[in-house]
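Colleague: Hey, dropping structure_5.cif in here, mmCIF, N, CA and C atoms:
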data_coords
#
loop_
_atom_site.label_atom_id
_atom_site.label_comp_id
_atom_site.auth_asym_id
_atom_site.auth_seq_id
_atom_site.Cartn_x
_atom_site.Cartn_y
_atom_site.Cartn_z
N MET A 1 14.09 -14.86 -12.09
CA MET A 1 13.44 -15.10 -10.81
C MET A 1 13.99 -14.11 -9.78
N ILE A 2 13.09 -13.48 -9.05
CA ILE A 2 13.50 -12.52 -8.03
C ILE A 2 13.68 -13.25 -6.72
N THR A 3 14.88 -13.12 -6.14
CA THR A 3 15.16 -13.74 -4.85
C THR A 3 14.52 -12.91 -3.75
N SER A 4 14.39 -13.48 -2.56
CA SER A 4 13.77 -12.75 -1.46
C SER A 4 14.61 -11.54 -1.06
N SER A 5 15.94 -11.61 -1.17
CA SER A 5 16.77 -10.46 -0.82
C SER A 5 16.59 -9.33 -1.84
N ARG A 6 16.43 -9.69 -3.12
CA ARG A 6 16.17 -8.66 -4.13
C ARG A 6 14.78 -8.06 -3.93
N ALA A 7 13.82 -8.89 -3.60
CA ALA A 7 12.46 -8.40 -3.34
C ALA A 7 12.47 -7.42 -2.17
N LEU A 8 13.23 -7.74 -1.12
CA LEU A 8 13.34 -6.83 0.02
C LEU A 8 14.02 -5.53 -0.35
N SER A 9 15.01 -5.59 -1.23
CA SER A 9 15.69 -4.38 -1.69
C SER A 9 14.74 -3.50 -2.48
N VAL A 10 13.94 -4.11 -3.34
CA VAL A 10 12.95 -3.35 -4.12
C VAL A 10 11.93 -2.75 -3.18
N GLN A 11 11.45 -3.55 -2.23
CA GLN A 11 10.46 -3.06 -1.27
C GLN A 11 11.01 -1.87 -0.48
N LYS A 12 12.27 -1.94 -0.09
CA LYS A 12 12.90 -0.84 0.66
C LYS A 12 12.93 0.44 -0.17
N GLU A 13 13.23 0.30 -1.46
CA GLU A 13 13.28 1.47 -2.35
C GLU A 13 11.92 2.11 -2.55
N LEU A 14 10.86 1.33 -2.37
CA LEU A 14 9.49 1.82 -2.58
C LEU A 14 8.81 2.19 -1.27
N THR A 15 9.61 2.29 -0.21
CA THR A 15 9.11 2.61 1.12
C THR A 15 9.52 4.04 1.48
N CYS A 16 8.60 4.76 2.07
CA CYS A 16 8.86 6.13 2.52
C CYS A 16 9.72 6.09 3.78
N PHE A 17 10.79 6.84 3.79
CA PHE A 17 11.69 6.90 4.94
C PHE A 17 11.00 7.51 6.16
N ILE A 18 9.97 8.31 5.93
CA ILE A 18 9.30 9.00 7.03
C ILE A 18 8.27 8.11 7.72
N CYS A 19 7.32 7.55 6.94
CA CYS A 19 6.25 6.74 7.54
C CYS A 19 6.55 5.24 7.53
N LEU A 20 7.57 4.84 6.77
CA LEU A 20 8.01 3.44 6.67
C LEU A 20 6.95 2.51 6.05
N ASN A 21 6.05 3.09 5.25
CA ASN A 21 5.07 2.32 4.49
C ASN A 21 5.38 2.51 3.01
N TYR A 22 4.68 1.71 2.17
CA TYR A 22 4.83 1.95 0.74
C TYR A 22 4.50 3.41 0.44
N LEU A 23 5.20 3.97 -0.53
CA LEU A 23 5.01 5.37 -0.89
C LEU A 23 3.58 5.63 -1.36
N THR A 24 3.01 6.71 -0.87
CA THR A 24 1.68 7.17 -1.28
C THR A 24 1.87 8.52 -1.95
N ASP A 25 1.40 8.65 -3.17
CA ASP A 25 1.59 9.87 -3.97
C ASP A 25 3.07 10.27 -3.92
N PRO A 26 3.95 9.39 -4.43
CA PRO A 26 5.40 9.62 -4.31
C PRO A 26 5.88 10.85 -5.08
N VAL A 27 6.73 11.62 -4.42
CA VAL A 27 7.38 12.77 -5.05
C VAL A 27 8.89 12.61 -4.87
N THR A 28 9.63 13.10 -5.85
CA THR A 28 11.08 13.05 -5.81
C THR A 28 11.59 14.47 -5.59
N ILE A 29 12.49 14.64 -4.63
CA ILE A 29 13.05 15.97 -4.39
C ILE A 29 14.41 16.08 -5.05
N GLY A 30 15.01 17.27 -4.99
CA GLY A 30 16.23 17.58 -5.72
C GLY A 30 17.38 16.61 -5.56
N CYS A 31 17.54 16.01 -4.39
CA CYS A 31 18.64 15.07 -4.15
C CYS A 31 18.37 13.69 -4.76
N GLY A 32 17.13 13.47 -5.21
CA GLY A 32 16.77 12.20 -5.84
C GLY A 32 16.01 11.24 -4.94
N HIS A 33 15.83 11.58 -3.66
CA HIS A 33 15.09 10.70 -2.76
C HIS A 33 13.58 10.88 -2.94
N ASN A 34 12.85 9.80 -2.70
CA ASN A 34 11.40 9.79 -2.85
C ASN A 34 10.73 9.71 -1.49
N PHE A 35 9.61 10.41 -1.35
CA PHE A 35 8.82 10.42 -0.13
C PHE A 35 7.34 10.49 -0.50
N CYS A 36 6.48 10.12 0.43
CA CYS A 36 5.05 10.36 0.24
C CYS A 36 4.86 11.88 0.28
N ARG A 37 4.04 12.39 -0.61
CA ARG A 37 3.77 13.83 -0.60
C ARG A 37 3.27 14.29 0.77
N PRO A 38 2.26 13.62 1.37
CA PRO A 38 1.78 14.09 2.67
C PRO A 38 2.86 14.04 3.75
N CYS A 39 3.68 13.00 3.75
CA CYS A 39 4.75 12.89 4.76
C CYS A 39 5.75 14.02 4.63
N LEU A 40 6.16 14.29 3.38
CA LEU A 40 7.15 15.35 3.15
C LEU A 40 6.59 16.71 3.53
N CYS A 41 5.35 16.97 3.15
CA CYS A 41 4.73 18.26 3.48
C CYS A 41 4.63 18.45 4.99
N LEU A 42 4.21 17.40 5.70
CA LEU A 42 4.12 17.49 7.16
C LEU A 42 5.50 17.67 7.78
N SER A 43 6.48 16.98 7.25
CA SER A 43 7.85 17.08 7.75
C SER A 43 8.39 18.49 7.57
N TRP A 44 8.11 19.06 6.40
CA TRP A 44 8.63 20.40 6.11
C TRP A 44 7.84 21.50 6.79
N GLU A 45 6.59 21.24 7.18
CA GLU A 45 5.83 22.24 7.93
C GLU A 45 6.53 22.56 9.25
N LYS A 46 7.13 21.52 9.84
CA LYS A 46 7.78 21.67 11.14
C LYS A 46 9.24 22.12 11.01
N ALA A 47 9.76 22.08 9.80
CA ALA A 47 11.19 22.35 9.59
C ALA A 47 11.47 23.84 9.45
N GLU A 48 12.73 24.15 9.63
CA GLU A 48 13.18 25.52 9.40
C GLU A 48 13.46 25.68 7.91
N THR A 49 13.50 26.93 7.43
CA THR A 49 13.82 27.16 6.03
C THR A 49 15.31 27.38 5.90
N PRO A 50 15.99 26.97 4.89
CA PRO A 50 15.46 26.17 3.80
C PRO A 50 15.25 24.73 4.24
N ALA A 51 14.29 24.09 3.61
CA ALA A 51 13.97 22.70 3.94
C ALA A 51 15.11 21.79 3.48
N CYS A 52 15.23 20.65 4.14
CA CYS A 52 16.25 19.69 3.72
C CYS A 52 15.65 18.30 3.63
N CYS A 53 16.34 17.44 2.92
CA CYS A 53 15.89 16.07 2.72
C CYS A 53 15.90 15.35 4.07
N PRO A 54 14.81 14.71 4.43
CA PRO A 54 14.76 13.98 5.70
C PRO A 54 15.74 12.81 5.76
N LEU A 55 16.25 12.37 4.61
CA LEU A 55 17.15 11.23 4.58
C LEU A 55 18.62 11.65 4.55
N CYS A 56 18.99 12.48 3.56
CA CYS A 56 20.41 12.84 3.41
C CYS A 56 20.73 14.25 3.94
N ARG A 57 19.70 14.98 4.33
CA ARG A 57 19.82 16.34 4.90
C ARG A 57 20.29 17.41 3.90
N GLN A 58 20.33 17.10 2.61
CA GLN A 58 20.69 18.10 1.59
C GLN A 58 19.58 19.14 1.55
N THR A 59 19.97 20.42 1.55
CA THR A 59 18.97 21.48 1.51
C THR A 59 18.41 21.63 0.11
N THR A 60 17.18 22.12 0.05
CA THR A 60 16.53 22.34 -1.23
C THR A 60 15.60 23.54 -1.14
N GLU A 61 15.47 24.24 -2.23
CA GLU A 61 14.54 25.36 -2.32
C GLU A 61 13.23 24.92 -2.97
N GLN A 62 13.21 23.68 -3.45
CA GLN A 62 12.05 23.15 -4.17
C GLN A 62 10.84 23.06 -3.24
N THR A 63 9.71 23.61 -3.68
CA THR A 63 8.50 23.53 -2.88
C THR A 63 7.32 22.96 -3.67
N ALA A 64 7.43 22.98 -5.00
CA ALA A 64 6.37 22.42 -5.84
C ALA A 64 6.82 21.05 -6.33
N PHE A 65 5.96 20.07 -6.21
CA PHE A 65 6.31 18.70 -6.57
C PHE A 65 5.33 18.14 -7.58
N LYS A 66 5.85 17.26 -8.43
CA LYS A 66 5.02 16.47 -9.32
C LYS A 66 5.06 15.05 -8.82
N THR A 67 3.94 14.35 -8.95
CA THR A 67 3.92 12.94 -8.59
C THR A 67 4.85 12.19 -9.51
N ASN A 68 5.68 11.33 -8.95
CA ASN A 68 6.59 10.50 -9.74
C ASN A 68 5.78 9.28 -10.21
N ILE A 69 5.28 9.36 -11.45
CA ILE A 69 4.39 8.33 -11.99
C ILE A 69 5.08 6.97 -12.05
N LEU A 70 6.35 6.93 -12.44
CA LEU A 70 7.07 5.67 -12.53
C LEU A 70 7.11 4.99 -11.15
N VAL A 71 7.47 5.72 -10.13
CA VAL A 71 7.54 5.15 -8.77
C VAL A 71 6.14 4.76 -8.31
N LYS A 72 5.14 5.57 -8.61
CA LYS A 72 3.76 5.25 -8.24
C LYS A 72 3.33 3.92 -8.86
N ASN A 73 3.67 3.71 -10.15
CA ASN A 73 3.32 2.46 -10.83
C ASN A 73 4.08 1.28 -10.23
N LEU A 74 5.35 1.48 -9.89
CA LEU A 74 6.15 0.41 -9.28
C LEU A 74 5.59 0.02 -7.90
N VAL A 75 5.15 1.01 -7.14
CA VAL A 75 4.54 0.74 -5.84
C VAL A 75 3.27 -0.09 -6.02
N SER A 76 2.48 0.27 -7.01
CA SER A 76 1.25 -0.48 -7.28
C SER A 76 1.56 -1.94 -7.63
N LEU A 77 2.56 -2.15 -8.47
CA LEU A 77 2.97 -3.51 -8.83
C LEU A 77 3.49 -4.27 -7.61
N ALA A 78 4.26 -3.61 -6.77
CA ALA A 78 4.80 -4.25 -5.57
C ALA A 78 3.68 -4.63 -4.61
N ARG A 79 2.69 -3.76 -4.46
CA ARG A 79 1.54 -4.06 -3.60
C ARG A 79 0.80 -5.30 -4.12
N GLN A 80 0.58 -5.34 -5.43
CA GLN A 80 -0.14 -6.48 -6.02
C GLN A 80 0.66 -7.77 -5.84
N ALA A 81 1.97 -7.71 -6.07
CA ALA A 81 2.81 -8.90 -5.91
C ALA A 81 2.79 -9.38 -4.47
N ARG A 82 2.86 -8.46 -3.54
CA ARG A 82 2.84 -8.82 -2.12
C ARG A 82 1.49 -9.42 -1.74
N LEU A 83 0.41 -8.85 -2.28
CA LEU A 83 -0.93 -9.37 -2.01
C LEU A 83 -1.06 -10.79 -2.53
N TRP A 84 -0.61 -11.04 -3.76
CA TRP A 84 -0.73 -12.37 -4.33
C TRP A 84 0.17 -13.37 -3.61
N GLN A 85 1.32 -12.93 -3.14
CA GLN A 85 2.19 -13.81 -2.35
C GLN A 85 1.47 -14.19 -1.05
N PHE A 86 0.85 -13.23 -0.43
CA PHE A 86 0.10 -13.47 0.80
C PHE A 86 -1.07 -14.43 0.54
N LEU A 87 -1.81 -14.17 -0.54
CA LEU A 87 -2.99 -14.98 -0.85
C LEU A 87 -2.63 -16.42 -1.22
N SER A 88 -1.46 -16.61 -1.79
CA SER A 88 -1.08 -17.96 -2.20
C SER A 88 -0.45 -18.76 -1.05
N SER A 89 -0.30 -18.12 0.11
CA SER A 89 0.27 -18.84 1.24
C SER A 89 -0.74 -19.86 1.77
N GLU A 90 -0.22 -20.85 2.43
CA GLU A 90 -1.02 -21.99 2.91
C GLU A 90 -2.17 -21.55 3.82
N GLU A 91 -1.93 -20.56 4.70
CA GLU A 91 -2.97 -20.16 5.66
C GLU A 91 -4.12 -19.41 5.00
N GLN A 92 -3.96 -19.00 3.75
CA GLN A 92 -5.04 -18.30 3.05
C GLN A 92 -5.92 -19.22 2.21
N MET A 93 -5.75 -20.51 2.40
CA MET A 93 -6.60 -21.48 1.73
C MET A 93 -7.82 -21.76 2.61
N CYS A 94 -8.97 -21.88 1.99
CA CYS A 94 -10.20 -22.20 2.71
C CYS A 94 -10.08 -23.63 3.26
N GLY A 95 -10.27 -23.77 4.55
CA GLY A 95 -10.17 -25.08 5.17
C GLY A 95 -11.26 -26.04 4.71
N THR A 96 -12.42 -25.51 4.37
CA THR A 96 -13.54 -26.34 3.95
C THR A 96 -13.43 -26.77 2.49
N HIS A 97 -13.13 -25.81 1.61
CA HIS A 97 -13.16 -26.08 0.17
C HIS A 97 -11.79 -26.21 -0.47
N LYS A 98 -10.72 -25.96 0.27
CA LYS A 98 -9.34 -26.05 -0.24
C LYS A 98 -9.12 -25.16 -1.47
N GLU A 99 -9.77 -24.00 -1.46
CA GLU A 99 -9.60 -23.01 -2.53
C GLU A 99 -9.00 -21.74 -1.94
N THR A 100 -8.36 -20.95 -2.79
CA THR A 100 -7.79 -19.68 -2.35
C THR A 100 -8.90 -18.71 -2.00
N LYS A 101 -8.73 -18.01 -0.90
CA LYS A 101 -9.70 -16.98 -0.50
C LYS A 101 -9.47 -15.76 -1.39
N LYS A 102 -10.48 -15.42 -2.19
CA LYS A 102 -10.35 -14.32 -3.14
C LYS A 102 -11.35 -13.20 -2.91
N MET A 103 -12.28 -13.40 -1.99
CA MET A 103 -13.33 -12.42 -1.76
C MET A 103 -13.22 -11.85 -0.34
N PHE A 104 -13.65 -10.59 -0.21
CA PHE A 104 -13.68 -9.92 1.08
C PHE A 104 -15.13 -9.69 1.46
N CYS A 105 -15.54 -10.19 2.62
CA CYS A 105 -16.90 -10.00 3.11
C CYS A 105 -16.90 -8.73 3.97
N GLU A 106 -17.62 -7.71 3.51
CA GLU A 106 -17.62 -6.44 4.23
C GLU A 106 -18.37 -6.51 5.55
N GLU A 107 -19.34 -7.41 5.63
CA GLU A 107 -20.09 -7.59 6.87
C GLU A 107 -19.21 -8.19 7.97
N GLY A 108 -18.55 -9.29 7.66
CA GLY A 108 -17.71 -9.98 8.64
C GLY A 108 -16.27 -9.50 8.66
N LYS A 109 -15.90 -8.66 7.68
CA LYS A 109 -14.51 -8.15 7.56
C LYS A 109 -13.52 -9.31 7.50
N ASN A 110 -13.86 -10.33 6.67
CA ASN A 110 -12.96 -11.47 6.55
C ASN A 110 -12.85 -11.93 5.10
N LEU A 111 -11.84 -12.77 4.85
CA LEU A 111 -11.60 -13.30 3.52
C LEU A 111 -12.33 -14.62 3.35
N LEU A 112 -12.87 -14.82 2.14
CA LEU A 112 -13.64 -16.02 1.84
C LEU A 112 -13.25 -16.56 0.47
N CYS A 113 -13.42 -17.88 0.30
CA CYS A 113 -13.29 -18.43 -1.05
C CYS A 113 -14.61 -18.15 -1.77
N LEU A 114 -14.64 -18.36 -3.09
CA LEU A 114 -15.86 -18.08 -3.86
C LEU A 114 -17.04 -18.92 -3.38
N LEU A 115 -16.79 -20.18 -3.05
CA LEU A 115 -17.89 -21.04 -2.59
C LEU A 115 -18.46 -20.57 -1.26
N CYS A 116 -17.60 -20.17 -0.34
CA CYS A 116 -18.08 -19.66 0.96
C CYS A 116 -18.84 -18.35 0.78
N SER A 117 -18.40 -17.49 -0.14
CA SER A 117 -19.07 -16.21 -0.33
C SER A 117 -20.48 -16.40 -0.88
N ASN A 118 -20.74 -17.53 -1.54
CA ASN A 118 -22.08 -17.83 -2.06
C ASN A 118 -22.90 -18.71 -1.12
N SER A 119 -22.34 -19.04 0.03
CA SER A 119 -23.04 -19.91 0.99
C SER A 119 -24.19 -19.14 1.65
N GLN A 120 -25.11 -19.88 2.28
CA GLN A 120 -26.25 -19.25 2.98
C GLN A 120 -25.77 -18.28 4.05
N GLU A 121 -24.68 -18.61 4.71
CA GLU A 121 -24.15 -17.76 5.79
C GLU A 121 -23.74 -16.38 5.29
N HIS A 122 -23.23 -16.30 4.06
CA HIS A 122 -22.70 -15.03 3.56
C HIS A 122 -23.44 -14.46 2.35
N GLU A 123 -24.44 -15.16 1.81
CA GLU A 123 -25.06 -14.73 0.56
C GLU A 123 -25.72 -13.36 0.64
N ALA A 124 -26.21 -12.97 1.81
CA ALA A 124 -26.87 -11.66 1.95
C ALA A 124 -25.86 -10.54 2.23
N HIS A 125 -24.60 -10.88 2.42
CA HIS A 125 -23.57 -9.88 2.73
C HIS A 125 -23.03 -9.25 1.45
N ARG A 126 -22.47 -8.07 1.60
CA ARG A 126 -21.83 -7.39 0.48
C ARG A 126 -20.39 -7.88 0.36
N HIS A 127 -19.99 -8.30 -0.85
CA HIS A 127 -18.64 -8.82 -1.10
C HIS A 127 -17.97 -8.00 -2.19
N CYS A 128 -16.66 -8.02 -2.17
CA CYS A 128 -15.88 -7.46 -3.26
C CYS A 128 -14.58 -8.26 -3.37
N SER A 129 -13.88 -8.07 -4.48
CA SER A 129 -12.61 -8.77 -4.63
C SER A 129 -11.62 -8.22 -3.61
N ILE A 130 -10.62 -9.01 -3.29
CA ILE A 130 -9.62 -8.57 -2.32
C ILE A 130 -8.89 -7.34 -2.83
N GLU A 131 -8.59 -7.30 -4.13
CA GLU A 131 -7.89 -6.14 -4.70
C GLU A 131 -8.69 -4.85 -4.47
N CYS A 132 -10.00 -4.91 -4.70
CA CYS A 132 -10.85 -3.73 -4.49
C CYS A 132 -10.87 -3.32 -3.02
N ALA A 133 -10.96 -4.31 -2.13
CA ALA A 133 -10.99 -4.02 -0.70
C ALA A 133 -9.68 -3.39 -0.25
N VAL A 134 -8.57 -3.92 -0.72
CA VAL A 134 -7.26 -3.37 -0.34
C VAL A 134 -7.16 -1.92 -0.80
N GLU A 135 -7.54 -1.66 -2.03
CA GLU A 135 -7.45 -0.30 -2.57
C GLU A 135 -8.38 0.64 -1.82
N GLU A 136 -9.61 0.18 -1.55
CA GLU A 136 -10.58 1.02 -0.84
C GLU A 136 -10.10 1.38 0.55
N TYR A 137 -9.59 0.38 1.29
CA TYR A 137 -9.11 0.65 2.64
C TYR A 137 -7.82 1.45 2.64
N ARG A 138 -6.96 1.25 1.66
CA ARG A 138 -5.71 2.03 1.57
C ARG A 138 -6.03 3.49 1.33
N VAL A 139 -6.97 3.76 0.42
CA VAL A 139 -7.35 5.14 0.11
C VAL A 139 -8.01 5.78 1.31
N SER A 140 -8.91 5.08 2.00
CA SER A 140 -9.57 5.67 3.15
C SER A 140 -8.58 5.90 4.29
N ASP A 141 -7.62 4.99 4.50
CA ASP A 141 -6.60 5.20 5.53
C ASP A 141 -5.75 6.42 5.20
N THR A 142 -5.39 6.59 3.92
CA THR A 142 -4.57 7.72 3.51
C THR A 142 -5.32 9.02 3.71
N SER A 143 -6.59 9.08 3.31
CA SER A 143 -7.34 10.32 3.44
C SER A 143 -7.61 10.64 4.90
N GLU A 144 -7.82 9.62 5.74
CA GLU A 144 -8.01 9.86 7.16
C GLU A 144 -6.73 10.40 7.80
N SER A 145 -5.57 9.85 7.40
CA SER A 145 -4.32 10.30 8.01
C SER A 145 -3.95 11.71 7.56
N THR A 146 -4.37 12.11 6.37
CA THR A 146 -4.05 13.47 5.93
C THR A 146 -5.01 14.48 6.54
N LEU A 147 -6.17 14.00 7.00
CA LEU A 147 -7.13 14.90 7.63
C LEU A 147 -6.79 15.17 9.08
N LYS A 148 -6.02 14.32 9.70
CA LYS A 148 -5.68 14.46 11.13
C LYS A 148 -4.72 15.59 11.35
#
Could you show the structure in this file as structure tokens?
Modeller:
Amino acid sequence: MITSSRALSVQKELTCFICLNYLTDPVTIGCGHNFCRPCLCLSWEKAETPACCPLCRQTTEQTAFKTNILVKNLVSLARQARLWQFLSSEEQMCGTHKETKKMFCEEGKNLLCLLCSNSQEHEAHRHCSIECAVEEYRVSDTSESTLK
């Protein structure tokens, strides 16, 4: 069983020191620290040469990065675990049907239980699973932030 302090430690390890969010396209630099590729690239654009680690300040000549697949997979698992923890909380239960809200209504931008998503009020709206909505919005937020 993972305690809340261990969960926080894992979450901290999967968080980018620059943007303070879960790592997106994580890369590992020579000192062993992980950062989001876009965050590191933006950080180093402003930096003097040679570039250094934003965390420990160790200099590095490394400029080509590979995505750290292991860290990327761990971030994905952590996101899913956090989502399910959130969904299983008391406030995410449908007040009418006493079921977990598992659907996202794109029209109303809100969470619904399966029965509510099939109700007359929402039947004409476009719905998707919460997991799909989270991934879709995370990807669009990431691409928007890299375009700025």
Colleague: At a cut-off of 6 Å from (0.5, 5.3, -5.5) in the coordinates of the file, what residues are picked up using only N, CA and C atoms, written as a PyMOL selection string?
Modeller: chain A and resi 23-26+72-73+76
Colleague: Step by step, work through what the PyMOL selection byres ((chain A and resi 17) around 7) selects in the shown file, and finish by giving those residues as a ChimeraX atom specification.
Modeller: /A:15-16,18-21,34-36,55
Colleague: If the PyMOL selection byres (((chain A and resi 58-63 and name CA) around 10) and name CA) is run on the structure shown, which residues does it catch, given as an MDAnalysis selection string?
Modeller: chainID A and resid 29:31 41 44 49:57 64:65
Colleague: Just how far from atom N of A:Thr96 is atom C of A:Ala81, in Å to one decimal?
Modeller: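 These atoms are spaced 23.9 Å apart.
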Colleague: Show which residues sit within 12 Å of A:Val10, as a list in words. Count only C-alpha atoms, and ignore same-chain residues fewer than 4 positions away.
Modeller: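 My reading of the contact set: Ile2, Thr3, Ser4, Ser5, Arg6, Leu14, Thr15, Tyr22, Val71, Leu74, Val75, Leu77, Ala78, Arg79, Ala81 and Arg82 of chain A.
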Colleague: Kindly give the distance, in Å, that separates atom N of A:Ile130 and atom CA of A:Gly95, rounded to a single decimal.
Modeller: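 About the pair atom N of A:Ile130 and atom CA of A:Gly95: they are 18.2 Å apart.
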Colleague: Suppose you want the space between atom CA of A:Gly32 and atom C of A:Gln80; what is it in Å?
Modeller: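 A separation of 25.7 Å between them.
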Colleague: What residues in chain A get the DSSP label strand (DSSP E or B)? Please answer as a list of chain:residue names.
Modeller: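 Filtering chain A to strand (DSSP E or B) leaves A:Thr15, A:Tyr22, A:Pro26, A:Val27, A:Thr28, A:Asn34, A:Phe35, A:Cys36, A:Ala51, A:Cys52, A:Thr59, A:Thr60, A:Thr67, A:Met93, A:Thr100, A:Met103, A:Phe104, A:Cys105, A:Asn110, A:Leu111, A:Leu112, A:His127, A:Cys128, A:Ser129.
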Colleague: I'd like the residues picked by the PyMOL selection byres ((chain A and resi 100) around 6.5) written out as a ChimeraX atom specification, using the chain letters and numbers from the file.
Modeller: /A:87,92-94,98-99,101-103,112-114
Colleague: Considering only alpha helix (DSSP H) as DSSP defines it on the backbone, what residues of chain A qualify? List them as a ChimeraX atom specification.
Modeller: /A:4-13,37-46,69-87,114-117,130-147
Colleague: Under the rule that all atoms listed in the file are counted, which of A:Glu131, A:Asn68, A:Gln85, A:Ser119 is the nearest residue to A:Phe104?
Modeller: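 Nearest to A:Phe104: A:Glu131.
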Colleague: Write a file for stretch 17-58 of chain A, containing C-alpha atoms (output as an mmCIF file, in the first residue's frame).
Modeller:
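Dumped to selection_10.cif:
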data_model
loop_
_atom_site.group_PDB
_atom_site.id
_atom_site.type_symbol
_atom_site.label_atom_id
_atom_site.label_comp_id
_atom_site.auth_asym_id
_atom_site.auth_seq_id
_atom_site.Cartn_x
_atom_site.Cartn_y
_atom_site.Cartn_z
ATOM 1 C CA PHE A 17 11.301 21.619 -11.819
ATOM 2 C CA ILE A 18 10.731 24.376 -14.389
ATOM 3 C CA CYS A 19 6.939 24.358 -14.958
ATOM 4 C CA LEU A 20 6.027 22.459 -11.756
ATOM 5 C CA ASN A 21 3.578 20.210 -13.647
ATOM 6 C CA TYR A 22 3.811 16.534 -14.501
ATOM 7 C CA LEU A 23 6.598 15.982 -17.016
ATOM 8 C CA THR A 24 5.590 16.329 -20.664
ATOM 9 C CA ASP A 25 7.870 14.566 -23.155
ATOM 10 C CA PRO A 26 10.418 13.953 -20.365
ATOM 11 C CA VAL A 27 14.115 14.075 -21.195
ATOM 12 C CA THR A 28 17.028 13.224 -18.925
ATOM 13 C CA ILE A 29 20.176 15.334 -19.086
ATOM 14 C CA GLY A 30 23.755 14.365 -18.198
ATOM 15 C CA CYS A 31 23.414 14.985 -14.441
ATOM 16 C CA GLY A 32 20.414 12.632 -14.308
ATOM 17 C CA HIS A 33 17.660 15.214 -13.772
ATOM 18 C CA ASN A 34 14.466 15.067 -15.829
ATOM 19 C CA PHE A 35 12.624 17.988 -17.419
ATOM 20 C CA CYS A 36 9.888 18.536 -19.975
ATOM 21 C CA ARG A 37 11.554 18.829 -23.377
ATOM 22 C CA PRO A 38 9.770 22.138 -24.163
ATOM 23 C CA CYS A 39 10.645 23.607 -20.749
ATOM 24 C CA LEU A 40 14.308 22.665 -21.044
ATOM 25 C CA CYS A 41 14.586 23.976 -24.593
ATOM 26 C CA LEU A 42 12.986 27.295 -23.631
ATOM 27 C CA SER A 43 15.194 27.522 -20.553
ATOM 28 C CA TRP A 44 18.332 26.896 -22.577
ATOM 29 C CA GLU A 45 17.336 29.339 -25.337
ATOM 30 C CA LYS A 46 17.750 32.119 -22.781
ATOM 31 C CA ALA A 47 20.865 30.658 -21.178
ATOM 32 C CA GLU A 48 24.497 31.298 -21.881
ATOM 33 C CA THR A 49 26.666 28.533 -23.329
ATOM 34 C CA PRO A 50 27.514 26.024 -22.055
ATOM 35 C CA ALA A 51 24.039 25.214 -20.803
ATOM 36 C CA CYS A 52 23.583 23.991 -17.255
ATOM 37 C CA CYS A 53 20.990 21.983 -15.378
ATOM 38 C CA PRO A 54 18.231 24.270 -14.085
ATOM 39 C CA LEU A 55 18.184 22.258 -10.851
ATOM 40 C CA CYS A 56 21.784 21.439 -9.867
ATOM 41 C CA ARG A 57 23.540 23.925 -12.215
ATOM 42 C CA GLN A 58 25.946 21.245 -13.564
#
